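Report on one structure; see the data block that follows.
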Amino acid sequence: MSTVDVAVVEKPKAETSRAWTAGRVIGICVLALYVLIAYFLLRMIVVNYDPEFVGKYLPRMVGGLWITVQLCTTAIILGALIAFPMSLARTHHNPVIRGLSFGYVYFFRGTPLLAQAFLVYYGAGQFRPVLQDMGLWGFFRDAYNCALFTFTLNTAAYQAEILRGAISNVHKGQWEGAHALGLGKVVTYIKIILPQAFITALRPFGNEIIFLIKGSAVASIITVFDLMGETKLAYSRSYDFQVYLWAAIMYLAMVEALRRCWDKLEARLTRHLKRTED
Amino acid sequence: MKLLKLFVAVVAATVMLSGAASAEMKKVRIGTEGAYPPFNSFDADKNLIGFDVDIAKAICEKMKADCTFVAQDWDGIIPALLANKYDAIIASMSITAEREKKVAFTNKYYNTPARFVAQKGSGITDISPESLKGKVVGAQSSTTHSSYLEDIYKGVEIKLYGTQDEANLDLASGRTDLVLADSIVLLEWMKTKDGACCEYVGKDVTSEKHFGKGAGIAMRKEDTELKAAMNKALAEIVADGTYEKINKKYFPFSIY
């Protein structure tokens, strides 16, 4: 027994005298640089803390943050609703449906979100008489709706591609197995294929949401007072660079919250793949 | 030996001459927006043109300075000056107390009033804050017009745009009911096809506190020498008729 104990105690000792390889030195230097940058940025916030300034602009920025959250959440959900049939259309046997869905995805993935937002916002303004006849002007008059519309179509295109890839990634044997068990196509799709596709799609889907959160800053350019809009307004009045730092921290917090949710979600979806502790 | 002396003399003369020339030709970088016709904008060949640009060139000539232009978005035009991206802003910037906290200004080089515009037949005639309650008013952000609206027009929905063009576009499409901006800039826009939709409503909007004493040239506070030189050059171009010539090129009436 005692010999075993000694062996266990000695093991960590060997690890502490790890060699100072070039990679390790560089790694520590980079880490030190990050810590230094973080220190100075945080110091700037603390040193420049001005209750009047904070009281004036922080509530507005939090309001902007809320608009950003609303905008992104709604766009993601509506986008997912479009992405679902769109991913099916992408692999449809009818070439017209396939071609149309391909064109849609091709356009929205191939052009900048900024250009799309401008196109929708100012484009709708140009076509006002037509939109009025169709009763749609009430919707497109509002900048928030225009941003929501653009983001929804944009994210739907990306989500459709992610979903399509994930579905085609599920092994053919799963279809065959389900067929052999006498399951219908719809049931196979919902009960067998989709749950497995979701596992593959989860991470790229999370990335897409992160991209949308950051891309949503585009809304500020078409007059929506989202987080970026409020930040720019505060900066243009105060010329104080630190408002951008606050904005960066808020965006980071959103992404970090999402990342944590995604870890939880993945653990839940892949619980059947984990070996239980023995 | 003679040859060597001659060589030394020539070199010395060249050095002195070039030294004198560089001392005389100061390098001045001028920041402007390039999206504010007729004062500053780009022509089809991406050259900066407009009243501000012509005035800047005339002043540079009087100062015997070698001027280069830098285009900068309006939102960041003062921060970029403070960050030493250029030395002076000649971009129709109004001299206000708020801005004077950050930068120094020359004397004004023009002064035109602000006015509201609306779509023709909008029925808006009274532009008091009370009667415009519930209306949507557009303006370019970080301008005297936007801060005036935010201060005085409380119950009004204010929409802010990066450039004046975008604010005008949204008025033409009917997203906003009114736009508040410089009367000359709006007049120029109303001459275009897009701007034909719209007309002035109400009289000149005046407030010394918000709109200041007219447009001046802004520079960093420590550049007192440049400020003095620019004020001197400005007075000279006004006195010798250069200013009037530039004024006539753009406007049928004096805007000084």
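Lettering and numbering for the structure tokens are positional, with chains as A, B, ... in the shown order, residues counted from 1 in each chain, and ligands counted from 1 in the shown order.
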Check your understanding: Near region 48-57 of chain B, within 6 Å and counting only C-alpha atoms, which residues show up once chain neighbours fewer than 6 positions away are dropped, as a list in words?
Key ->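 Those residues are Pro38, Phe39, Asn40, Ser41 and Phe42 of chain B.
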Write the residues of the preceding selection, restricted to all heavy atoms, as a short mmCIF file (atom, residue, chain, number, x, y, z; two decimals), in the first residue's frame.
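Done, and the output landed in selection21.cif:
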```
data_model
loop_
_atom_site.label_atom_id
_atom_site.label_comp_id
_atom_site.auth_asym_id
_atom_site.auth_seq_id
_atom_site.Cartn_x
_atom_site.Cartn_y
_atom_site.Cartn_z
N PRO B 38 -24.12 71.84 -51.07
CA PRO B 38 -23.05 72.28 -51.99
C PRO B 38 -21.77 72.69 -51.27
O PRO B 38 -20.90 73.28 -51.90
CB PRO B 38 -23.69 73.50 -52.64
CG PRO B 38 -24.52 74.10 -51.57
CD PRO B 38 -25.04 72.95 -50.75
N PHE B 39 -21.65 72.39 -49.98
CA PHE B 39 -20.47 72.88 -49.25
C PHE B 39 -19.25 71.96 -49.40
O PHE B 39 -18.15 72.43 -49.60
CB PHE B 39 -20.82 73.10 -47.78
CG PHE B 39 -21.74 74.26 -47.59
CD1 PHE B 39 -23.10 74.08 -47.38
CD2 PHE B 39 -21.25 75.55 -47.67
CE1 PHE B 39 -23.95 75.16 -47.24
CE2 PHE B 39 -22.09 76.64 -47.53
CZ PHE B 39 -23.44 76.44 -47.33
N ASN B 40 -19.48 70.68 -49.25
CA ASN B 40 -18.39 69.76 -49.51
C ASN B 40 -18.94 68.42 -49.98
O ASN B 40 -19.81 67.85 -49.35
CB ASN B 40 -17.47 69.59 -48.30
CG ASN B 40 -18.19 69.07 -47.08
OD1 ASN B 40 -18.54 67.90 -47.01
ND2 ASN B 40 -18.44 69.94 -46.11
N SER B 41 -18.45 67.95 -51.12
CA SER B 41 -18.91 66.67 -51.64
C SER B 41 -17.88 66.18 -52.65
O SER B 41 -16.95 66.89 -52.99
CB SER B 41 -20.28 66.81 -52.30
OG SER B 41 -20.21 67.75 -53.34
N PHE B 42 -18.09 64.97 -53.12
CA PHE B 42 -17.19 64.42 -54.14
C PHE B 42 -17.82 64.55 -55.51
O PHE B 42 -19.02 64.33 -55.66
CB PHE B 42 -16.93 62.93 -53.85
CG PHE B 42 -15.99 62.71 -52.70
CD1 PHE B 42 -16.48 62.38 -51.45
CD2 PHE B 42 -14.62 62.84 -52.87
CE1 PHE B 42 -15.61 62.17 -50.39
CE2 PHE B 42 -13.75 62.63 -51.82
CZ PHE B 42 -14.25 62.31 -50.58
#
```
Q: Compile the residues of chain A that lie within 10 Å of chain B, evaluated using only C-alpha atoms, and express the compilation as an MDAnalysis selection string.
A: chainID A and resid 121:129 137:138 140:143 220:225 229 232:241
Computed gap from CA of Arg164 (chain A) to CA of Ile82 (chain A) is 12.7 Å
re CA of Ser131 (chain B) and CA of Glu157 (chain B): distance 12.9 Å
Practice task
For Leu187 (chain B), list every protein, DNA or RNA residue within 10 Å, evaluated using only C-alpha atoms, and leave out those in the same chain fewer than 5 positions away; present the list as a PyMOL selection string.
Solution key: chain B and resi 38+115+117+182+192+195+198-200
Kindly export the residues of the current selection with N, CA and C atoms, as a compact mmCIF listing (two decimals), in the first residue's frame.
```txt
# COMPACT_ATOMS: atom_id res chain seq x y z
N PRO B 38 -24.12 71.84 -51.07
CA PRO B 38 -23.05 72.28 -51.99
C PRO B 38 -21.77 72.69 -51.27
N ARG B 115 -33.48 75.64 -41.30
CA ARG B 115 -34.92 75.68 -41.58
C ARG B 115 -35.49 74.26 -41.63
N VAL B 117 -37.98 71.49 -43.50
CA VAL B 117 -38.67 71.20 -44.75
C VAL B 117 -39.66 70.06 -44.50
N ASP B 182 -29.55 72.85 -42.48
CA ASP B 182 -29.14 74.15 -42.99
C ASP B 182 -29.99 74.53 -44.20
N THR B 192 -33.01 69.28 -56.75
CA THR B 192 -32.81 67.98 -57.43
C THR B 192 -34.15 67.27 -57.62
N GLY B 195 -35.54 65.91 -54.41
CA GLY B 195 -35.94 66.94 -53.46
C GLY B 195 -37.13 67.75 -53.90
N CYS B 198 -40.46 68.40 -51.87
CA CYS B 198 -40.53 69.03 -50.55
C CYS B 198 -40.37 70.53 -50.60
N GLU B 199 -40.76 71.18 -49.53
CA GLU B 199 -40.70 72.64 -49.46
C GLU B 199 -40.39 73.08 -48.04
N TYR B 200 -39.90 74.32 -47.91
CA TYR B 200 -39.66 74.90 -46.59
C TYR B 200 -40.98 75.03 -45.84
```
Mind checking DSSP for region 97-172 of chain B and telling me the strand (DSSP E) residues as a list in words?
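These are the residues in question: Ala104, Phe105, Thr106, Asn107, Lys108, Tyr109, Tyr110, Ala114, Arg115, Phe116, Val117, Ala118, Gln119, Val136, Val137, Gly138, Ala139, Gln140, Glu157, Ile158, Lys159, Leu160 and Tyr161 of chain B.
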Could you please write out, as a ChimeraX atom specification, every residue of region 178-221 of chain A that DSSP assigns to alpha helix (DSSP H)? /A:178-180,185-187,194-215
Practice problem: Find the residues around region 173-179 of chain A up to 8 Å (only C-alpha atoms counted), leave out those fewer than 6 positions away in its own chain, and share them as a list in words. | Solution: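 Neighbouring residues, sequence-local ones excluded: Lys185, Thr188, Ile192 and Ile193 of chain A.
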One residue among A:Leu36, A:Ile76, A:Val54, A:Ala160 is nearest to Ala89 (chain A) when using only C-alpha atoms, and that residue is A:Ala160
One decimal, in Å: what's the spacing between CA of Thr106 (chain B) and CA of Gln164 (chain B)?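 About the pair CA of Thr106 (chain B) and CA of Gln164 (chain B): they are 24.4 Å apart.
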* Pick out the closest residue to Pro113 (chain B) from this set: B:Lys221, B:Lys26, B:His210, B:Lys248. Count only C-alpha atoms. =>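 Answer, going by the shortest atom-to-atom distance: B:His210.
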- prompt: Phe198 (chain A): which residues within 9 Å, counting only C-alpha atoms, same-chain residues fewer than 3 positions away excluded, as an MDAnalysis selection string?
  reply: chainID A and resid 163 166:167 193:195 201:202 269
- Compile the contact shell of Asp177 (chain B) as a PyMOL selection string: residues with an atom at most 7 Å away, counting only C-alpha atoms, same-chain residues fewer than 5 positions apart removed. chain B and resi 118+135-137+171
File dump, residues just selected, N, CA and C atoms, as a tab-separated table (two decimals), in the first residue's frame:
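Below is the file again.tsv, written as the result:
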```tsv
chain	number	residue	atom	x	y	z
B	118	ALA	N	-40.72	70.02	-45.31
B	118	ALA	CA	-41.71	68.95	-45.24
B	118	ALA	C	-42.16	68.66	-46.66
B	135	LYS	N	-45.02	64.21	-34.27
B	135	LYS	CA	-44.46	64.13	-35.63
B	135	LYS	C	-43.06	63.51	-35.57
B	136	VAL	N	-42.63	63.00	-36.72
B	136	VAL	CA	-41.29	62.42	-36.81
B	136	VAL	C	-40.40	63.40	-37.56
B	137	VAL	N	-39.30	63.80	-36.91
B	137	VAL	CA	-38.41	64.78	-37.52
B	137	VAL	C	-37.02	64.16	-37.69
B	171	LEU	N	-37.22	61.62	-45.77
B	171	LEU	CA	-38.29	62.61	-45.84
B	171	LEU	C	-39.05	62.43	-47.16
```
### Message
Just want the 12 Å neighbourhood of Met219 (chain B), counted on only C-alpha atoms, with same-chain residues fewer than 2 positions away dropped. Output as a count of residues only.
### Response
43
